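The next block is structure.cif, given as mmCIF, C-alpha atoms.
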data_coords
#
loop_
_atom_site.label_atom_id
_atom_site.label_comp_id
_atom_site.auth_asym_id
_atom_site.auth_seq_id
_atom_site.Cartn_x
_atom_site.Cartn_y
_atom_site.Cartn_z
CA MET A 202 109.10 96.90 85.85
CA PRO A 203 106.73 97.08 88.83
CA THR A 204 108.03 93.81 90.24
CA ARG A 205 111.70 94.84 90.30
CA TRP A 206 111.56 96.04 93.88
CA ILE A 207 109.82 92.79 94.85
CA ILE A 208 112.69 90.80 93.32
CA ARG A 209 115.28 92.92 95.16
CA LEU A 210 113.43 92.61 98.46
CA GLU A 211 113.08 88.86 97.96
CA ILE A 212 116.83 88.51 97.33
CA LEU A 213 117.61 90.63 100.40
CA LEU A 214 115.28 88.63 102.64
CA SER A 215 116.49 85.33 101.18
CA VAL A 216 120.07 86.26 102.09
CA GLY A 217 118.81 87.21 105.56
CA LEU A 218 117.03 83.86 105.84
CA VAL A 219 120.14 81.90 104.86
CA LEU A 220 122.31 83.89 107.29
CA GLY A 221 119.67 83.42 110.00
CA CYS A 222 119.62 79.66 109.41
CA LEU A 223 123.43 79.53 109.57
CA GLY A 224 123.39 81.59 112.76
CA ALA A 225 120.78 79.30 114.31
CA LEU A 226 122.89 76.28 113.31
CA ALA A 227 125.96 77.85 114.91
CA GLY A 228 123.90 78.52 118.05
CA LEU A 229 122.74 74.91 118.13
CA LEU A 230 126.32 73.65 117.80
CA MET A 231 127.47 75.99 120.58
CA ASN A 232 124.59 74.79 122.73
CA ALA A 233 125.46 71.15 122.08
CA GLY A 234 129.09 71.89 122.92
CA MET A 235 128.00 73.56 126.16
CA ALA A 236 125.83 70.58 127.08
CA PHE A 237 128.32 67.82 126.34
CA PHE A 238 131.85 69.30 126.43
CA GLY A 239 131.69 72.46 128.53
CA THR A 240 131.47 76.13 127.64
CA PRO A 241 134.45 77.60 125.77
CA ASP A 242 136.04 80.92 126.78
CA GLY A 243 134.20 84.03 125.67
CA MET A 244 130.84 82.28 125.53
CA GLY A 245 128.15 81.69 128.11
CA ILE A 246 124.54 82.08 129.08
CA PRO A 247 123.27 85.67 129.18
CA LEU A 248 121.16 86.23 132.30
CA ARG A 249 119.57 89.35 133.73
CA VAL A 250 120.40 90.49 137.24
CA PHE A 251 118.62 93.17 139.21
CA ASP A 252 119.60 95.35 142.18
CA VAL A 253 123.28 95.49 141.23
CA PRO A 254 125.30 97.47 143.82
CA THR A 255 126.13 100.88 142.40
CA GLU A 256 127.87 102.69 145.25
CA GLY A 257 130.37 105.23 144.05
CA LEU A 258 129.06 105.16 140.49
CA THR A 259 127.19 108.43 140.51
CA ALA A 260 128.49 111.98 140.56
CA GLY A 261 127.33 114.26 143.37
CA GLY A 262 123.66 115.23 143.32
CA ALA A 263 122.45 112.16 141.40
CA THR A 264 121.10 108.78 142.42
CA ILE A 265 120.68 105.51 140.59
CA ASP A 266 117.38 103.64 140.70
CA ALA A 267 116.01 100.45 139.12
CA VAL A 268 119.34 98.85 138.21
CA SER A 269 119.37 95.87 135.89
CA ALA A 270 122.25 94.32 134.00
CA GLU A 271 123.01 91.37 131.79
CA VAL A 272 125.72 88.99 132.86
CA THR A 273 127.23 86.15 130.87
CA VAL A 274 127.46 83.06 133.04
CA ARG A 275 129.79 80.23 132.04
CA PRO A 276 128.99 76.88 133.67
CA ARG A 277 132.05 74.79 134.51
CA GLY A 278 132.37 71.50 132.60
CA ALA A 279 129.61 69.75 130.69
CA ALA A 280 126.17 71.12 131.63
CA PRO A 281 123.40 69.21 129.81
CA LEU A 282 120.51 70.64 131.82
CA GLN A 283 121.79 74.21 131.59
CA GLY A 284 122.41 73.67 127.89
CA LEU A 285 118.83 72.50 127.38
CA LEU A 286 117.40 75.41 129.36
CA TYR A 287 119.55 77.90 127.44
CA LEU A 288 118.31 76.30 124.21
CA LEU A 289 114.73 76.91 125.39
CA MET A 290 115.63 80.53 126.07
CA TRP A 291 116.66 81.42 122.52
CA ALA A 292 115.58 78.66 120.09
CA PRO A 293 111.77 79.21 120.07
CA GLY A 294 112.21 82.94 119.38
CA THR A 295 114.78 82.28 116.66
CA ALA A 296 112.53 79.63 115.09
CA THR A 297 109.64 82.13 115.09
CA TRP A 298 111.76 84.75 113.31
CA LEU A 299 113.06 82.27 110.74
CA LEU A 300 109.55 80.94 110.06
CA ALA A 301 108.21 84.49 109.68
CA LEU A 302 111.06 85.37 107.32
CA PHE A 303 110.45 82.20 105.30
CA THR A 304 106.73 83.05 104.99
CA LEU A 305 107.63 86.56 103.82
CA VAL A 306 110.09 85.24 101.21
CA ARG A 307 107.50 82.75 99.97
CA ALA A 308 104.85 85.49 99.71
CA LEU A 309 107.24 87.67 97.70
CA ARG A 310 108.16 84.77 95.40
CA ARG A 311 104.49 84.08 94.71
CA ALA A 312 103.82 87.79 94.17
CA ARG A 313 106.68 87.95 91.64
CA SER A 314 105.20 85.20 89.50
CA GLY A 315 101.54 86.18 89.94
CA ASP A 316 99.49 88.40 87.63
CA ARG A 317 98.54 90.88 90.33
CA ALA A 318 101.85 91.10 92.19
CA LEU A 319 101.14 91.54 95.92
CA PHE A 320 97.41 92.17 95.47
CA SER A 321 96.27 88.54 95.37
CA ALA A 322 94.51 85.89 97.41
CA ALA A 323 97.84 84.09 97.90
CA THR A 324 99.37 87.20 99.50
CA ALA A 325 96.34 87.56 101.78
CA ARG A 326 96.78 83.92 102.86
CA ASP A 327 100.51 84.33 103.42
CA LEU A 328 100.01 87.52 105.42
CA ARG A 329 97.44 85.79 107.62
CA THR A 330 99.91 82.95 108.23
CA LEU A 331 102.66 85.49 108.95
CA GLY A 332 100.43 87.32 111.42
CA TRP A 333 99.60 84.20 113.38
CA ILE A 334 103.24 83.05 113.36
CA LEU A 335 104.35 86.40 114.79
CA ILE A 336 101.61 86.55 117.44
CA ALA A 337 101.55 82.94 118.60
CA GLY A 338 105.27 82.31 118.07
CA SER A 339 106.43 85.37 120.00
CA LEU A 340 104.00 84.81 122.89
CA VAL A 341 104.86 81.12 123.23
CA SER A 342 108.62 81.70 122.90
CA ALA A 343 108.46 84.56 125.44
CA ALA A 344 106.60 82.33 127.92
CA ILE A 345 109.06 79.43 127.45
CA GLY A 346 112.02 81.82 127.64
CA MET A 347 110.78 83.39 130.87
CA VAL A 348 110.39 80.02 132.59
CA ALA A 349 113.77 78.80 131.30
CA GLU A 350 115.49 82.03 132.41
CA ALA A 351 113.96 81.80 135.88
CA ILE A 352 115.12 78.19 136.31
CA LEU A 353 118.58 78.93 134.91
CA SER A 354 118.97 81.95 137.19
CA SER A 355 118.03 79.87 140.23
CA MET A 356 120.65 77.29 139.17
CA LEU A 357 123.52 79.59 138.23
CA LEU A 358 123.04 82.74 140.35
CA THR A 359 122.78 83.27 144.07
CA GLU A 360 119.89 85.68 143.60
CA SER A 361 117.03 84.86 141.29
CA HIS A 362 113.45 85.96 140.69
CA PRO A 363 110.40 83.79 139.98
CA PHE A 364 109.39 86.09 137.10
CA TYR A 365 111.56 87.68 134.43
CA PRO A 366 109.63 90.23 132.36
CA PRO A 367 109.72 89.71 128.59
CA SER A 368 111.73 92.15 126.51
CA GLY A 369 110.07 95.25 125.06
CA GLU A 370 110.30 93.93 121.51
CA LEU A 371 107.58 91.36 122.31
CA VAL A 372 104.92 94.09 122.14
CA GLY A 373 106.31 95.31 118.83
CA VAL A 374 106.26 91.82 117.32
CA VAL A 375 102.67 91.18 118.49
CA VAL A 376 101.58 94.54 117.04
CA ALA A 377 103.34 93.65 113.76
CA GLY A 378 101.46 90.33 113.78
CA PHE A 379 98.11 92.09 114.19
CA ALA A 380 99.10 94.56 111.46
CA ALA A 381 99.82 91.64 109.10
CA LEU A 382 96.39 90.16 109.93
CA GLY A 383 94.78 93.54 109.25
CA VAL A 384 96.49 94.02 105.88
CA SER A 385 95.54 90.45 104.95
CA GLU A 386 91.88 91.18 105.69
CA ILE A 387 92.01 94.44 103.68
CA ILE A 388 93.45 92.59 100.66
CA ARG A 389 90.90 89.79 101.01
CA ARG A 390 87.92 92.19 101.10
CA SER A 391 89.33 94.36 98.31
CA LEU A 392 89.74 91.28 96.13
CA ALA A 393 86.12 90.31 96.71
CA LEU A 394 85.05 93.85 95.69
CA LEU A 395 87.30 93.79 92.62
CA GLU A 396 85.90 90.41 91.60
CA GLU A 397 82.36 91.84 91.76
CA VAL A 398 83.35 94.90 89.72
CA GLU A 399 85.14 92.79 87.13
CA ALA A 400 82.15 90.47 86.80
CA THR A 401 79.86 93.44 86.06
CA ILE A 402 79.13 93.95 82.36
CA MET B 287 67.10 81.94 97.69
CA GLY B 288 67.00 78.42 96.25
CA ASP B 289 67.85 77.60 92.64
CA ARG B 290 65.85 80.47 91.13
CA ALA B 291 67.84 83.26 89.49
CA VAL B 292 67.69 86.15 87.05
CA ARG B 293 68.32 84.87 83.50
CA VAL B 294 69.27 86.93 80.47
CA ARG B 295 67.13 86.01 77.43
CA LEU B 296 69.71 87.20 74.94
CA ASP B 297 69.72 83.96 72.92
CA GLU B 298 65.94 84.02 72.32
CA LEU B 299 65.87 87.74 71.43
CA LEU B 300 68.75 87.33 68.98
CA GLN B 301 67.00 84.35 67.35
CA GLU B 302 63.71 86.26 67.06
CA ARG B 303 65.50 89.14 65.34
CA GLY B 304 67.78 86.95 63.22
CA MET B 305 70.82 88.69 64.63
CA THR B 306 74.20 87.17 65.51
CA LEU B 307 76.19 87.85 68.66
CA THR B 308 78.99 89.45 66.62
CA GLU B 309 76.54 91.82 64.97
CA LEU B 310 75.08 92.80 68.33
CA SER B 311 78.58 93.25 69.65
CA HIS B 312 79.32 95.82 66.92
CA ARG B 313 76.04 97.65 67.56
CA VAL B 314 76.33 97.96 71.33
CA GLU B 315 80.15 98.19 71.43
CA ILE B 316 80.52 95.39 73.94
CA THR B 317 82.98 92.57 73.27
CA VAL B 318 81.68 89.19 72.11
CA VAL B 319 83.36 87.67 75.14
CA ASN B 320 81.34 89.84 77.53
CA LEU B 321 78.12 89.24 75.57
CA SER B 322 78.78 85.49 75.78
CA ILE B 323 79.26 85.78 79.55
CA LEU B 324 75.92 87.60 79.71
CA LYS B 325 74.20 85.10 77.41
CA ASN B 326 75.46 82.06 79.32
CA GLY B 327 74.40 83.48 82.69
CA HIS B 328 77.93 83.84 84.06
CA ALA B 329 77.72 87.59 84.69
CA LYS B 330 77.30 88.71 88.29
CA ALA B 331 75.81 92.11 87.49
CA ILE B 332 74.81 94.32 84.57
CA ARG B 333 75.16 98.10 84.33
CA PHE B 334 72.08 100.20 83.48
CA SER B 335 74.06 101.68 80.57
CA THR B 336 74.73 98.19 79.14
CA LEU B 337 71.07 97.26 79.59
CA ALA B 338 69.97 100.47 77.82
CA ARG B 339 72.30 99.84 74.86
CA LEU B 340 71.10 96.23 74.53
CA CYS B 341 67.44 97.30 74.67
CA GLU B 342 68.09 99.98 72.07
CA ALA B 343 69.86 97.57 69.71
CA LEU B 344 67.30 94.81 70.16
CA GLY B 345 64.28 97.15 70.26
CA CYS B 346 62.92 95.72 73.48
CA GLN B 347 62.24 96.58 77.13
CA PRO B 348 64.48 95.48 80.06
CA GLY B 349 61.68 93.16 81.11
CA ASP B 350 61.92 91.33 77.80
CA LEU B 351 65.65 90.80 78.31
CA LEU B 352 65.60 89.65 81.93
CA THR B 353 63.46 86.94 83.50
CA PHE B 354 63.37 85.49 87.00
CA GLU B 355 62.99 81.74 86.92
#

I need this file expressed as structure tokens, please.
Amino acid sequence: MPTRWIIRLEILLSVGLVLGCLGALAGLLMNAGMAFFGTPDGMGIPLRVFDVPTEGLTAGGATIDAVSAEVTVRPRGAAPLQGLLYLLMWAPGTATWLLALFTLVRALRRARSGDRALFSAATARDLRTLGWILIAGSLVSAAIGMVAEAILSSMLLTESHPFYPPSGELVGVVVAGFAALGVSEIIRRSLALLEEVEATI
Amino acid sequence: MGDRAVRVRLDELLQERGMTLTELSHRVEITVVNLSILKNGHAKAIRFSTLARLCEALGCQPGDLLTFE
């Protein structure tokens, strides 16, 4: 059956979507706990620090440049503002991923029941939606996350920077979004061609 | 382009020759469904080979089969 792999992929992604939703829910609960009851042991807000002292870390004949590290900061007691800012750091990105995953699962479900599997107008539409979700969602969440991280760092650390560069995966996600848009356009144009050929007698 | 379009005069030619669509279908080896699409003006394009077979079966020229109106 040509659609067997689609069914398997759909099941795999559906499980991923459910686990992602549960993870996001757990994150929300942890965030609410942080905001209203204080941060429990072993949890905290991950923040990036630069220019960490590294004396005595290198062997002879080597130097260390451009040091950056991630620290987990635990605010004492209830911290509603920090909780909200931390929520802004991770929630938009997580929502983007979950929405993209949901769009992918929906596209696969439609492809499974359709006559032409993935080669259909519905797939082209879903891929276009997926592309825009990945591009706009990742850019917006990166911008919000950068601002939130800068404010949180100024609140919780003695040294902070006005600008925290986005992670390298942002470029990858944007490229993936454009790739989805491209594939969508290829399917759309191919379908128009196929329609013309099929209507020729 | 307005409302003008190329029309296939299959109905008239069949009537003139006292031939049915099924009979024509057997002669030109094109399904009745496709001939109906052609006859009702729902086809987007026609191959030269199809046109040649129709002209041969109906004993006419392409100009007799197609009109622009």

Selection: 7 Å around stretch 310-317 of chain A, only C-alpha atoms, excl. self and same-chain fewer than 6 positions, as a ChimeraX atom specification: /A:204,207-208,211,324

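The coordinates place atom CA of A:Met244 at 20.6 Å from atom CA of A:Ser269.
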
What separates atom CA of A:Thr273 and atom CA of A:Glu350 is a distance of 12.5 Å

In Å to one decimal, how far is atom CA of A:Arg326 from atom CA of A:Gly369?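 Answer for the atom CA of A:Gly369 to atom CA of A:Arg326 separation: 28.2 Å.
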
Expand the PyMOL selection byres ((chain A) within 9 of (chain B)) into the individual residues it matches in the shown file, reporting them as a list in words. Glu397, Val398, Glu399, Ala400, Thr401 and Ile402 of chain A

Can you pull out every residue within 10 Å of B:Pro348, counting only C-alpha atoms, but drop anything in the same chain fewer than 5 positions away, and send it as number ranges by chain? B: 294, 334, 337-338, 340-342, 353

What's around B:Glu315 at 9 Å? Count all atoms listed in the file, leave out sequence neighbours fewer than 4 positions away in its own chain, and write the answer as a ChimeraX atom specification. /B:310-311,339

Option closest in space to A:Leu210, from A:Leu285, A:Leu223, A:Leu302, A:Val348 [counting only C-alpha atoms]: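 Of A:Leu285, A:Leu223, A:Leu302, A:Val348, the one nearest A:Leu210 is A:Leu302, counting only C-alpha atoms.
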
Identify all residues satisfying the PyMOL selection byres ((chain A and resi 361) around 12) in the given file; provide them as a compact mmCIF listing (two decimals) with C-alpha atoms, keeping the file's coordinate frame.
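Output file result_29.txt follows:
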# COMPACT_ATOMS: atom_id res chain seq x y z
CA LEU A 248 121.16 86.23 132.30
CA ARG A 249 119.57 89.35 133.73
CA VAL A 250 120.40 90.49 137.24
CA PHE A 251 118.62 93.17 139.21
CA ASP A 252 119.60 95.35 142.18
CA VAL A 348 110.39 80.02 132.59
CA GLU A 350 115.49 82.03 132.41
CA ALA A 351 113.96 81.80 135.88
CA ILE A 352 115.12 78.19 136.31
CA LEU A 353 118.58 78.93 134.91
CA SER A 354 118.97 81.95 137.19
CA SER A 355 118.03 79.87 140.23
CA MET A 356 120.65 77.29 139.17
CA LEU A 357 123.52 79.59 138.23
CA LEU A 358 123.04 82.74 140.35
CA THR A 359 122.78 83.27 144.07
CA GLU A 360 119.89 85.68 143.60
CA HIS A 362 113.45 85.96 140.69
CA PRO A 363 110.40 83.79 139.98
CA PHE A 364 109.39 86.09 137.10
CA TYR A 365 111.56 87.68 134.43

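Omitting A:Gly284 and its sequence neighbours fewer than 2 positions away, and counting all atoms listed in the file, the residues within 8 Å are Asn232, Ala233, Met235, Ala236, Ala280, Pro281, Leu282, Leu286, Tyr287 and Leu288 of chain A.
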
Residues proximal to (94.6, 87.3, 99.8) were defined as those with any atom within 12 Å of that point in the file's coordinates, counting only C-alpha atoms. Which are they, as a PyMOL selection string? chain A and resi 308+311-312+317-330+381-393

Listed atoms of stretch 313-331 of chain B boxed axis-aligned with 3 Å per side, centre + edges as lines of an AutoDock Vina configuration file:
center_x = 78.8
center_y = 90.1
center_z = 77.9
size_x = 15.2
size_y = 22.1
size_z = 26.7

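Picked out by the PyMOL selection byres ((chain B and resi 299) around 12) when it runs on this file: B:Val294, B:Arg295, B:Leu296, B:Asp297, B:Glu298, B:Leu300, B:Gln301, B:Glu302, B:Arg303, B:Gly304, B:Met305, B:Thr306, B:Leu307, B:Leu310, B:Lys325, B:Leu340, B:Cys341, B:Ala343, B:Leu344, B:Gly345, B:Cys346, B:Gln347, B:Pro348, B:Gly349, B:Asp350, B:Leu351, B:Leu352.
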
Might you pull out every residue within 8 Å of A:Pro247, with only C-alpha atoms counted and same-chain residues fewer than 4 positions away left off, and present them as a ChimeraX atom specification? /A:271-274

Supply stretch 255-269 of chain A as a PDB file, in the coordinates of the input, with N, CA, C and O atoms built in where the input has gaps.
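So the final result, stored in result-v1.pdb, reads:
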ATOM      1  N   THR A 255     125.616  99.792 143.243  1.00  0.00           N
ATOM      2  CA  THR A 255     126.130 100.880 142.400  1.00  0.00           C
ATOM      3  C   THR A 255     126.784 101.994 143.216  1.00  0.00           C
ATOM      4  O   THR A 255     126.881 103.119 142.737  1.00  0.00           O
ATOM      5  N   GLU A 256     127.248 101.657 144.422  1.00  0.00           N
ATOM      6  CA  GLU A 256     127.870 102.690 145.250  1.00  0.00           C
ATOM      7  C   GLU A 256     129.098 103.263 144.546  1.00  0.00           C
ATOM      8  O   GLU A 256     129.893 102.522 143.969  1.00  0.00           O
ATOM      9  N   GLY A 257     129.195 104.564 144.619  1.00  0.00           N
ATOM     10  CA  GLY A 257     130.370 105.230 144.050  1.00  0.00           C
ATOM     11  C   GLY A 257     130.307 105.418 142.552  1.00  0.00           C
ATOM     12  O   GLY A 257     131.266 105.853 141.918  1.00  0.00           O
ATOM     13  N   LEU A 258     129.180 105.059 141.945  1.00  0.00           N
ATOM     14  CA  LEU A 258     129.060 105.160 140.490  1.00  0.00           C
ATOM     15  C   LEU A 258     128.546 106.520 140.044  1.00  0.00           C
ATOM     16  O   LEU A 258     128.834 106.953 138.924  1.00  0.00           O
ATOM     17  N   THR A 259     127.797 107.168 140.923  1.00  0.00           N
ATOM     18  CA  THR A 259     127.190 108.430 140.510  1.00  0.00           C
ATOM     19  C   THR A 259     128.012 109.634 140.940  1.00  0.00           C
ATOM     20  O   THR A 259     128.748 109.578 141.920  1.00  0.00           O
ATOM     21  N   ALA A 260     127.868 110.712 140.166  1.00  0.00           N
ATOM     22  CA  ALA A 260     128.490 111.980 140.560  1.00  0.00           C
ATOM     23  C   ALA A 260     127.619 112.607 141.650  1.00  0.00           C
ATOM     24  O   ALA A 260     126.497 112.150 141.880  1.00  0.00           O
ATOM     25  N   GLY A 261     128.093 113.619 142.292  1.00  0.00           N
ATOM     26  CA  GLY A 261     127.330 114.260 143.370  1.00  0.00           C
ATOM     27  C   GLY A 261     126.016 114.838 142.879  1.00  0.00           C
ATOM     28  O   GLY A 261     125.936 115.378 141.774  1.00  0.00           O
ATOM     29  N   GLY A 262     124.969 114.665 143.673  1.00  0.00           N
ATOM     30  CA  GLY A 262     123.660 115.230 143.320  1.00  0.00           C
ATOM     31  C   GLY A 262     122.819 114.332 142.462  1.00  0.00           C
ATOM     32  O   GLY A 262     121.771 114.739 141.980  1.00  0.00           O
ATOM     33  N   ALA A 263     123.249 113.096 142.213  1.00  0.00           N
ATOM     34  CA  ALA A 263     122.450 112.160 141.400  1.00  0.00           C
ATOM     35  C   ALA A 263     122.356 110.822 142.110  1.00  0.00           C
ATOM     36  O   ALA A 263     123.205 110.453 142.911  1.00  0.00           O
ATOM     37  N   THR A 264     121.280 110.126 141.841  1.00  0.00           N
ATOM     38  CA  THR A 264     121.100 108.780 142.420  1.00  0.00           C
ATOM     39  C   THR A 264     120.769 107.790 141.308  1.00  0.00           C
ATOM     40  O   THR A 264     120.291 108.172 140.241  1.00  0.00           O
ATOM     41  N   ILE A 265     120.986 106.557 141.577  1.00  0.00           N
ATOM     42  CA  ILE A 265     120.680 105.510 140.590  1.00  0.00           C
ATOM     43  C   ILE A 265     119.541 104.659 141.129  1.00  0.00           C
ATOM     44  O   ILE A 265     119.574 104.189 142.261  1.00  0.00           O
ATOM     45  N   ASP A 266     118.525 104.477 140.304  1.00  0.00           N
ATOM     46  CA  ASP A 266     117.380 103.640 140.700  1.00  0.00           C
ATOM     47  C   ASP A 266     117.188 102.543 139.653  1.00  0.00           C
ATOM     48  O   ASP A 266     117.650 102.660 138.523  1.00  0.00           O
ATOM     49  N   ALA A 267     116.439 101.530 140.027  1.00  0.00           N
ATOM     50  CA  ALA A 267     116.010 100.450 139.120  1.00  0.00           C
ATOM     51  C   ALA A 267     117.174  99.928 138.269  1.00  0.00           C
ATOM     52  O   ALA A 267     117.192 100.051 137.057  1.00  0.00           O
ATOM     53  N   VAL A 268     118.158  99.349 138.926  1.00  0.00           N
ATOM     54  CA  VAL A 268     119.340  98.850 138.210  1.00  0.00           C
ATOM     55  C   VAL A 268     119.081  97.436 137.683  1.00  0.00           C
ATOM     56  O   VAL A 268     118.579  96.581 138.390  1.00  0.00           O
ATOM     57  N   SER A 269     119.387  97.232 136.441  1.00  0.00           N
ATOM     58  CA  SER A 269     119.370  95.870 135.890  1.00  0.00           C
ATOM     59  C   SER A 269     120.547  95.740 134.947  1.00  0.00           C
ATOM     60  O   SER A 269     120.988  96.714 134.351  1.00  0.00           O
TER      61      SER A 269
END
